[in-house]
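Below is one structure, written out as structure tokens, with a few remarks after it.
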Amino acid sequence: MLKKIFKVIELFKVRISLTITLCGISGVLVMPEPHLGYFDFTILVISMFLSSASVSAYNQYYERDLDIMMQRTRERPFATGFFKPNLLWPLFFLLILIFSILLAAKFLNFYSAFYIFLGAFFYCVVYTILLKRRNISNIIIGGLAGSFAVLAGAAAVDPNLSGSSIILAVVLFLWTPPHFWSLAIAIKEDYKKAGIPMLPNLISLKKSSWIILSHTILLVIVSFLPFFFNMGILYLIGAVAGGTYFIWRSILLVFNTSKSNAMANFFASFIQLGLLLVVCIIEGIINYF
């Protein structure tokens with residue numbers, strides 16, 4: 001029984017779904033007047049989590065043939081056969097997604113529900129089905145899933161999005177490529193074996209590391225911009241601290257493009273994003289009260 005619970009958690013990628021939900025919450029709290037009632041806030045959290053969980057699960061169902069080839073993913077439930085693939089699974093995931101969108105449309109507003117739909121559509125259809133196996137732009141376009149999560153949260157407060165919410169959405173878009181390209185350097189052989197066209201498999205690792213550094217610098221510069229709208233000094237401190245560390249790790253990756261440095265940069269991206277979301281949430285709570 002306990003094993004099944006862990007497999008369900010793995011199937012729905014709970015950690016990633018919680019991160020997407022946090023992006024939505026951050027979208028609420030970067031609005032100039034983040035006034036969202038407790039009920040509406042709860043509906044947003046449920047809708048965001050369920051939509052992300054449903055498309056994450058479908059991703060594993062659709063990519064079970066790839067997952068079994070890769071060390072990092074070969075223990076996933078569909079790859080191992082723990083859950084037997086059949087057409088009822090995608091139907092089940094689709095029903096969860098539809099429920100999450102209708103929930104947001106009913107109790108929040110059309111715009112928030114539409115952004116939730118767009119996030120799911122770009123991850124499930126554009127990234128998973130159309131691009132991942134075919135085009136190097138896969139992870140770049142796939143990054144829009146996180147961006148739409150921010151916009152969904154902001155639109156729940158006011159469909160007229162603030163400058164900070166739009167910039168934070170851009171930050172999420174810019175964050176995804178250096179995050180995943182760092183991982184792709186560390187597990188280059190896995191992606192090669194699965195035939196997934198990731199940047200380090202198509203150009204040299206050194207060139208890839210320079211591109212990662214360039215993206216990271218652009219990401220960090222853009223992440224400062226909300227301070228010039230409605231975000232305060234706490235936000236700026238978090239953006240500077242996390243951004244500086246991410247850039248530093250990216251510089252180290254350029255000078256020594258090893259697997260260990262690539263993984264360190266991969267985790268540095270989590271620190272940078274985590275700090276940014278935390279300070280957004282803290283400042284938003286302070287402004288709310």
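Labels for the structure tokens follow display order: chains A, B, ..., residues from 1 in each chain, ligands from 1.
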Determine, counting only C-alpha atoms, which protein, DNA and RNA residues have an atom within 9 Å of an atom of Val240 (chain A); residues of the same chain fewer than 5 positions away are not included. Present the result as a ChimeraX atom specification. /A:220,223-224,235,245
Find the residues near Leu183 (chain A): any atom within 7 Å, counting only C-alpha atoms, skip ones fewer than 2 places away on the same chain, and give them as a PyMOL selection string. chain A and resi 179-181+185-187+262-263+266
Selection above as a file: all heavy atoms, as a tab-separated table (two decimals), in the first residue's frame:
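part.tsv was written with the following content:
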```tsv
chain	number	residue	atom	x	y	z
A	179	HIS	N	18.46	25.88	-16.63
A	179	HIS	CA	18.17	24.84	-15.64
A	179	HIS	C	18.30	23.46	-16.27
A	179	HIS	O	19.05	22.59	-15.78
A	179	HIS	CB	16.77	25.07	-15.08
A	179	HIS	CG	16.22	23.96	-14.26
A	179	HIS	ND1	16.67	23.68	-12.98
A	179	HIS	CD2	15.25	23.04	-14.52
A	179	HIS	CE1	16.01	22.65	-12.49
A	179	HIS	NE2	15.15	22.23	-13.42
A	180	PHE	N	17.60	23.23	-17.37
A	180	PHE	CA	17.58	21.90	-17.99
A	180	PHE	C	18.83	21.63	-18.82
A	180	PHE	O	19.25	20.47	-18.94
A	180	PHE	CB	16.32	21.71	-18.83
A	180	PHE	CG	15.14	21.27	-18.02
A	180	PHE	CD1	14.15	22.16	-17.67
A	180	PHE	CD2	15.05	19.95	-17.57
A	180	PHE	CE1	13.07	21.76	-16.90
A	180	PHE	CE2	13.98	19.54	-16.80
A	180	PHE	CZ	12.98	20.44	-16.46
A	181	TRP	N	19.41	22.65	-19.43
A	181	TRP	CA	20.64	22.42	-20.18
A	181	TRP	C	21.79	22.02	-19.26
A	181	TRP	O	22.67	21.26	-19.65
A	181	TRP	CB	21.00	23.65	-21.00
A	181	TRP	CG	20.12	23.85	-22.20
A	181	TRP	CD1	19.38	22.89	-22.85
A	181	TRP	CD2	19.86	25.08	-22.89
A	181	TRP	NE1	18.69	23.45	-23.90
A	181	TRP	CE2	18.97	24.79	-23.95
A	181	TRP	CE3	20.30	26.39	-22.71
A	181	TRP	CZ2	18.50	25.76	-24.83
A	181	TRP	CZ3	19.84	27.38	-23.59
A	181	TRP	CH2	18.95	27.05	-24.64
A	185	ILE	N	23.87	18.48	-19.61
A	185	ILE	CA	25.32	18.26	-19.65
A	185	ILE	C	25.70	17.11	-18.72
A	185	ILE	O	26.49	16.23	-19.07
A	185	ILE	CB	26.08	19.55	-19.24
A	185	ILE	CG1	25.97	20.60	-20.36
A	185	ILE	CG2	27.56	19.25	-18.96
A	185	ILE	CD1	26.63	21.93	-20.02
A	186	ALA	N	25.09	17.10	-17.53
A	186	ALA	CA	25.42	16.08	-16.53
A	186	ALA	C	24.99	14.68	-16.97
A	186	ALA	O	25.68	13.70	-16.67
A	186	ALA	CB	24.77	16.44	-15.19
A	187	ILE	N	23.85	14.59	-17.68
A	187	ILE	CA	23.37	13.26	-18.10
A	187	ILE	C	23.29	13.19	-19.63
A	187	ILE	O	22.35	12.64	-20.19
A	187	ILE	CB	22.01	12.94	-17.45
A	187	ILE	CG1	20.94	13.98	-17.81
A	187	ILE	CG2	22.14	12.84	-15.94
A	187	ILE	CD1	19.54	13.57	-17.36
A	262	ALA	N	28.10	20.75	-13.65
A	262	ALA	CA	26.79	20.87	-14.31
A	262	ALA	C	25.66	20.60	-13.31
A	262	ALA	O	24.65	21.33	-13.28
A	262	ALA	CB	26.71	19.90	-15.48
A	263	MET	N	25.82	19.57	-12.48
A	263	MET	CA	24.80	19.28	-11.47
A	263	MET	C	24.75	20.38	-10.42
A	263	MET	O	23.65	20.76	-9.94
A	263	MET	CB	25.08	17.94	-10.79
A	263	MET	CG	24.73	16.73	-11.64
A	263	MET	SD	22.99	16.71	-12.22
A	263	MET	CE	22.09	16.64	-10.68
A	266	PHE	N	22.79	23.07	-11.94
A	266	PHE	CA	21.39	22.64	-11.96
A	266	PHE	C	20.73	22.94	-10.61
A	266	PHE	O	19.63	23.51	-10.55
A	266	PHE	CB	21.34	21.15	-12.28
A	266	PHE	CG	19.97	20.52	-12.22
A	266	PHE	CD1	19.00	20.82	-13.16
A	266	PHE	CD2	19.66	19.61	-11.22
A	266	PHE	CE1	17.74	20.23	-13.11
A	266	PHE	CE2	18.42	19.01	-11.15
A	266	PHE	CZ	17.45	19.32	-12.10
```
Grab the CA of Phe122 (chain A) to CA of Leu22 (chain A) distance for me, in Å with one decimal place.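 CA of Phe122 (chain A) sits 18.5 Å away from CA of Leu22 (chain A).
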With only C-alpha atoms as the counted atoms, please give the residues lying no more than 7 Å from region 169-173 of chain A, apart from itself and same-chain residues fewer than 6 positions off, as an MDAnalysis selection string. chainID A and resid 143:144 146:148 150:151 219 222:223
Could you write out the selected residues, including C-alpha atoms, as a PDB file, in the first residue's frame?
```pdb
ATOM      1  CA  GLY A 143       9.326  26.869 -20.168  1.00  0.00           C
ATOM      2  CA  LEU A 144       6.097  28.693 -20.930  1.00  0.00           C
ATOM      3  CA  GLY A 146       5.742  28.019 -15.567  1.00  0.00           C
ATOM      4  CA  SER A 147       5.157  31.446 -17.088  1.00  0.00           C
ATOM      5  CA  PHE A 148       1.443  30.811 -17.536  1.00  0.00           C
ATOM      6  CA  VAL A 150       2.395  33.083 -12.767  1.00  0.00           C
ATOM      7  CA  LEU A 151      -0.110  34.783 -15.076  1.00  0.00           C
ATOM      8  CA  LEU A 219      17.636  35.880 -16.513  1.00  0.00           C
ATOM      9  CA  VAL A 222      15.396  40.638 -15.885  1.00  0.00           C
ATOM     10  CA  SER A 223      14.701  39.322 -12.373  1.00  0.00           C
TER      11      SER A 223
END
```
Non-local contacts of Val254 (chain A) (7 Å; only C-alpha atoms; under 2 positions in same chain excluded) as a PyMOL selection string: chain A and resi 206+209-210+250-252+256-257
With C-alpha atoms retained, could you export that selection as a short mmCIF file (atom, residue, chain, number, x, y, z; two decimals), in the first residue's frame?
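Written output follows (part.cif):
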```cif
data_model
loop_
_atom_site.label_atom_id
_atom_site.label_comp_id
_atom_site.auth_asym_id
_atom_site.auth_seq_id
_atom_site.Cartn_x
_atom_site.Cartn_y
_atom_site.Cartn_z
CA LYS A 206 31.98 24.19 -23.82
CA SER A 209 28.18 26.16 -21.01
CA TRP A 210 28.71 29.61 -22.58
CA SER A 250 27.53 29.14 -14.37
CA ILE A 251 30.96 30.81 -14.61
CA LEU A 252 32.52 27.81 -12.88
CA ASN A 256 35.32 23.43 -16.00
CA THR A 257 32.47 21.81 -17.90
#
```
Compile the contact shell of Ile25 (chain A) as a list in words: residues with an atom at most 10 Å away, counting only C-alpha atoms, same-chain residues fewer than 6 positions apart removed.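 Everything that qualifies: Thr19, Phe41, Leu44, Val45, Met48, Ala149, Val150, Leu151, Ala152, Gly153, Ala154, Ala156, Leu277, Cys280, Ile281 and Gly284 of chain A.
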Using only C-alpha atoms for the distances, tell me which of A:Asn109, A:Val28, A:Ile221, A:Gly163 is nearest to Leu236 (chain A).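 Ranking A:Asn109, A:Val28, A:Ile221, A:Gly163 by distance to Leu236 (chain A), first place goes to A:Ile221.
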Please return as an MDAnalysis selection string: the residues of region 6-201 of chain A that backbone DSSP assigns to helix (DSSP H, G or I). chainID A and resid 6:11 14:29 38:62 64:67 77:80 88:107 110:131 138:142 144:157 163:186 188:194 199:201
